[in-house]
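Worksheet: one structure, shown below.
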Amino acid sequence: MIRIPFTKMHGCGNDYIYVDTMSHPIADPVAAAIAWSDRHKGIGSDGLVLIGKSSIPEADFSMRIFNADGSEAMMCGNASRCIGKYLYERGLTNQEEIRLLTLSGVKTLQLHVSNGIVESVTVDMLEPVFNNEEQFIGSRATGKGTFVSMGNPHYVIFTDNVDQVGESGRVLENHPAFPQRCNIEFAHVEADGTIRTRVWERGSGITLACGTGACATAVAAALTGKAGRKSEIVMDGGTLTIEWCKSDNHVYMTGPAAFVFDGNIEI
């Protein structure tokens, strides 16, 4: 048996198990994600995140994300913020700007540090994409949603009933319009201008927050004239600030990251 150290972290309640694979490689991350994410028989999480060395000089570190069902995700905004906090506060870097290699490109993390503590992180999520035939077959879509890819596919539906997430999310995730399955957001613009959003994440089901989902929601709101280019996205687990910058067309996500506990698990 091998004992693997891990850290449980969350961003607005979106919780993952983090392993530093530079010190402790994981031979079968798919099996580990399924077993460890089980909230009754395992550690319990929305998935497993592997922190590693970058394979290219344009990035400092790498991130791989495996959902609770073992499927590999392209990107996770909440996890990227947590990695920034982990790397800085665990002494793996002293840089307050970190370039992170993901399956959807290199994301730049800007750490907001006070007295050695990372209080929040802003992530450059790059440009949104609206026509991705590998992820979305528009002619076969149903409903009145907006497709936005933030490196991973999202379908945002504005509605007065965001609580339909449990009823409709699973069905829409697997709709034929989405060849790679899809993350589904149900959103409502509140009287104060904030956007209440609930998320069905591809491979994980209902989660308390989704960083890429918050970005997709803010972009969809701006596209449809429901909001400006900067929004507060209020999810079950907390609030993220999203700005779709006009000058470079990039989406910037700012929010917190938090440690929960450290532990060891045998494999």
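Each chain in the structure tokens gets a letter, A, B and so on, in the order shown; residues start at 1 in every chain, and ligands are counted from 1 in the order they appear.
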Considering only C-alpha atoms, give me a table of residues in region 40-151 of chain A that are at most 10 Å from region 4-7 of chain A, with the closest atom pair and distance in Å for each, as a tab-separated table.
```
residue	atom	partner	partner_atom	distance
A:Ile43	CA	A:Phe6	CA	9.9
A:Leu48	CA	A:Phe6	CA	9.8
A:Val49	CA	A:Thr7	CA	9.8
A:Leu50	CA	A:Phe6	CA	9.9
A:Tyr86	CA	A:Thr7	CA	8.9
```
Just the selected residues (all heavy atoms), exported as an mmCIF file, in the first residue's frame, please.
```cif
data_model
loop_
_atom_site.group_PDB
_atom_site.id
_atom_site.type_symbol
_atom_site.label_atom_id
_atom_site.label_comp_id
_atom_site.auth_asym_id
_atom_site.auth_seq_id
_atom_site.Cartn_x
_atom_site.Cartn_y
_atom_site.Cartn_z
ATOM 1 N N ILE A 43 -13.262 10.209 0.387
ATOM 2 C CA ILE A 43 -12.995 11.499 1.026
ATOM 3 C C ILE A 43 -14.200 12.412 0.847
ATOM 4 O O ILE A 43 -14.598 13.123 1.777
ATOM 5 C CB ILE A 43 -11.737 12.143 0.405
ATOM 6 C CG1 ILE A 43 -10.525 11.235 0.600
ATOM 7 C CG2 ILE A 43 -11.476 13.525 1.007
ATOM 8 C CD1 ILE A 43 -9.341 11.613 -0.275
ATOM 9 N N LEU A 48 -11.200 15.207 -8.508
ATOM 10 C CA LEU A 48 -9.788 15.140 -8.153
ATOM 11 C C LEU A 48 -8.993 16.085 -9.045
ATOM 12 O O LEU A 48 -9.170 16.082 -10.271
ATOM 13 C CB LEU A 48 -9.283 13.702 -8.341
ATOM 14 C CG LEU A 48 -7.779 13.443 -8.219
ATOM 15 C CD1 LEU A 48 -7.290 13.722 -6.800
ATOM 16 C CD2 LEU A 48 -7.466 12.002 -8.645
ATOM 17 N N VAL A 49 -8.104 16.875 -8.441
ATOM 18 C CA VAL A 49 -7.263 17.819 -9.187
ATOM 19 C C VAL A 49 -5.800 17.442 -8.971
ATOM 20 O O VAL A 49 -5.352 17.292 -7.828
ATOM 21 C CB VAL A 49 -7.508 19.267 -8.748
ATOM 22 C CG1 VAL A 49 -6.565 20.221 -9.475
ATOM 23 C CG2 VAL A 49 -8.962 19.667 -9.006
ATOM 24 N N LEU A 50 -5.077 17.295 -10.078
ATOM 25 C CA LEU A 50 -3.661 16.959 -10.020
ATOM 26 C C LEU A 50 -2.825 18.188 -10.350
ATOM 27 O O LEU A 50 -3.006 18.812 -11.401
ATOM 28 C CB LEU A 50 -3.338 15.848 -11.012
ATOM 29 C CG LEU A 50 -4.198 14.575 -10.924
ATOM 30 C CD1 LEU A 50 -3.705 13.547 -11.939
ATOM 31 C CD2 LEU A 50 -4.182 13.993 -9.521
ATOM 32 N N TYR A 86 -2.800 27.264 -3.129
ATOM 33 C CA TYR A 86 -1.996 26.120 -2.687
ATOM 34 C C TYR A 86 -0.516 26.352 -3.001
ATOM 35 O O TYR A 86 0.351 26.206 -2.129
ATOM 36 C CB TYR A 86 -2.500 24.855 -3.379
ATOM 37 C CG TYR A 86 -1.785 23.584 -2.978
ATOM 38 C CD1 TYR A 86 -2.340 22.718 -2.053
ATOM 39 C CD2 TYR A 86 -0.560 23.235 -3.550
ATOM 40 C CE1 TYR A 86 -1.696 21.528 -1.696
ATOM 41 C CE2 TYR A 86 0.095 22.073 -3.192
ATOM 42 C CZ TYR A 86 -0.473 21.222 -2.271
ATOM 43 O OH TYR A 86 0.177 20.073 -1.918
#
```
Open item on the list: I need the residues of region 57-229 of chain A that end up classed as strand (DSSP E) by DSSP on the backbone, written out as an MDAnalysis selection string.
Closed with: chainID A and resid 61:67 72:73 97:102 105:114 117:124 146:149 153:158 183:189 195:201 205:207
Written file, previous selection with C-alpha atoms, as a short mmCIF file (atom, residue, chain, number, x, y, z; two decimals), in the first residue's frame:
```
data_model
loop_
_atom_site.label_atom_id
_atom_site.label_comp_id
_atom_site.auth_asym_id
_atom_site.auth_seq_id
_atom_site.Cartn_x
_atom_site.Cartn_y
_atom_site.Cartn_z
CA PHE A 61 2.65 24.54 -13.44
CA SER A 62 -0.05 22.26 -14.83
CA MET A 63 -3.53 21.24 -13.74
CA ARG A 64 -5.57 18.15 -14.61
CA ILE A 65 -9.14 17.74 -13.35
CA PHE A 66 -11.09 14.51 -13.06
CA ASN A 67 -14.79 14.73 -12.24
CA GLU A 72 -11.54 14.42 -17.38
CA ALA A 73 -12.53 18.10 -17.51
CA GLU A 97 1.37 35.81 -11.00
CA ILE A 98 1.27 32.17 -12.05
CA ARG A 99 0.86 30.68 -15.52
CA LEU A 100 -1.16 27.46 -15.30
CA LEU A 101 -1.32 24.92 -18.11
CA THR A 102 -4.76 23.34 -18.56
CA GLY A 105 -4.78 26.51 -22.69
CA VAL A 106 -2.55 28.50 -20.37
CA LYS A 107 -4.45 30.53 -17.77
CA THR A 108 -2.81 33.39 -15.90
CA LEU A 109 -3.58 33.61 -12.18
CA GLN A 110 -3.17 36.94 -10.38
CA LEU A 111 -2.95 36.33 -6.63
CA HIS A 112 -4.26 39.00 -4.27
CA VAL A 113 -2.01 38.53 -1.23
CA SER A 114 -2.14 40.15 2.21
CA ILE A 117 -2.29 34.88 2.69
CA VAL A 118 -3.96 34.61 -0.72
CA GLU A 119 -7.29 36.32 -0.08
CA SER A 120 -8.61 35.98 -3.63
CA VAL A 121 -7.45 35.16 -7.14
CA THR A 122 -8.23 36.68 -10.52
CA VAL A 123 -8.01 34.23 -13.42
CA ASP A 124 -7.68 35.26 -17.06
CA THR A 146 -27.11 30.45 -25.02
CA PHE A 147 -24.10 28.25 -25.76
CA VAL A 148 -20.77 29.57 -24.48
CA SER A 149 -17.50 27.64 -24.39
CA PRO A 153 -19.06 23.69 -23.00
CA HIS A 154 -21.84 25.58 -21.20
CA TYR A 155 -25.49 26.14 -21.99
CA VAL A 156 -27.03 29.07 -20.09
CA ILE A 157 -30.79 29.34 -19.69
CA PHE A 158 -32.35 32.48 -18.19
CA ASN A 183 -22.51 21.97 -18.27
CA ILE A 184 -25.93 23.54 -17.75
CA GLU A 185 -26.63 26.87 -16.00
CA PHE A 186 -30.04 28.17 -14.92
CA ALA A 187 -29.85 31.92 -14.22
CA HIS A 188 -32.04 34.83 -13.19
CA VAL A 189 -31.17 38.53 -13.09
CA ILE A 195 -27.34 37.13 -11.37
CA ARG A 196 -28.57 34.15 -9.36
CA THR A 197 -27.25 30.99 -10.95
CA ARG A 198 -27.51 27.28 -10.28
CA VAL A 199 -25.30 24.76 -12.03
CA TRP A 200 -25.45 21.19 -13.26
CA GLU A 201 -21.82 20.25 -13.94
CA GLY A 205 -24.23 16.87 -11.17
CA ILE A 206 -25.38 19.78 -9.03
CA THR A 207 -22.44 21.65 -7.52
#
```
Task: Test item, helix (DSSP H, G or I) assignment across region 9-141 of chain A, answer as a ChimeraX atom specification - done: /A:29-37,77-89,138-140
Which residues of region 148-211 of chain A come within 9 Å of region 131-135 of chain A, and for each one, what is the closest pair of atoms and their distance in Å to one decimal, counting only C-alpha atoms, sorted by chain and residue number, as a Markdown table?
```
| residue | atom | partner | partner_atom | distance |
| --- | --- | --- | --- | --- |
| A:Val148 | CA | A:Asn131 | CA | 8.0 |
| A:Ser149 | CA | A:Asn132 | CA | 7.5 |
| A:Asn152 | CA | A:Gln135 | CA | 8.1 |
| A:Pro153 | CA | A:Gln135 | CA | 6.2 |
| A:Ala177 | CA | A:Gln135 | CA | 8.2 |
| A:Phe178 | CA | A:Gln135 | CA | 5.6 |
| A:Pro179 | CA | A:Gln135 | CA | 5.7 |
| A:Gln180 | CA | A:Gln135 | CA | 5.6 |
| A:Arg181 | CA | A:Gln135 | CA | 7.6 |
| A:Cys182 | CA | A:Gln135 | CA | 7.8 |
```
Task: Best match for closeness to Pro256 (chain A) among A:Leu240, A:Glu127, A:Asn115, A:Ala32, counting only C-alpha atoms - done: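 Of all the options, A:Leu240 lies closest to Pro256 (chain A).
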TODO: Please measure the separation of CA of His250 (chain A) and CA of Leu126 (chain A), giving the value in Å to one decimal.
DONE: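 If I compute the distance from CA of His250 (chain A) to CA of Leu126 (chain A), I get 4.5 Å.
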- [ ] Would you work out the distance separating CA of Met9 (chain A) from CA of Gly47 (chain A), expressed in Å to one decimal?
- [x]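 Rounded to one decimal, the two atoms are 10.9 Å apart.
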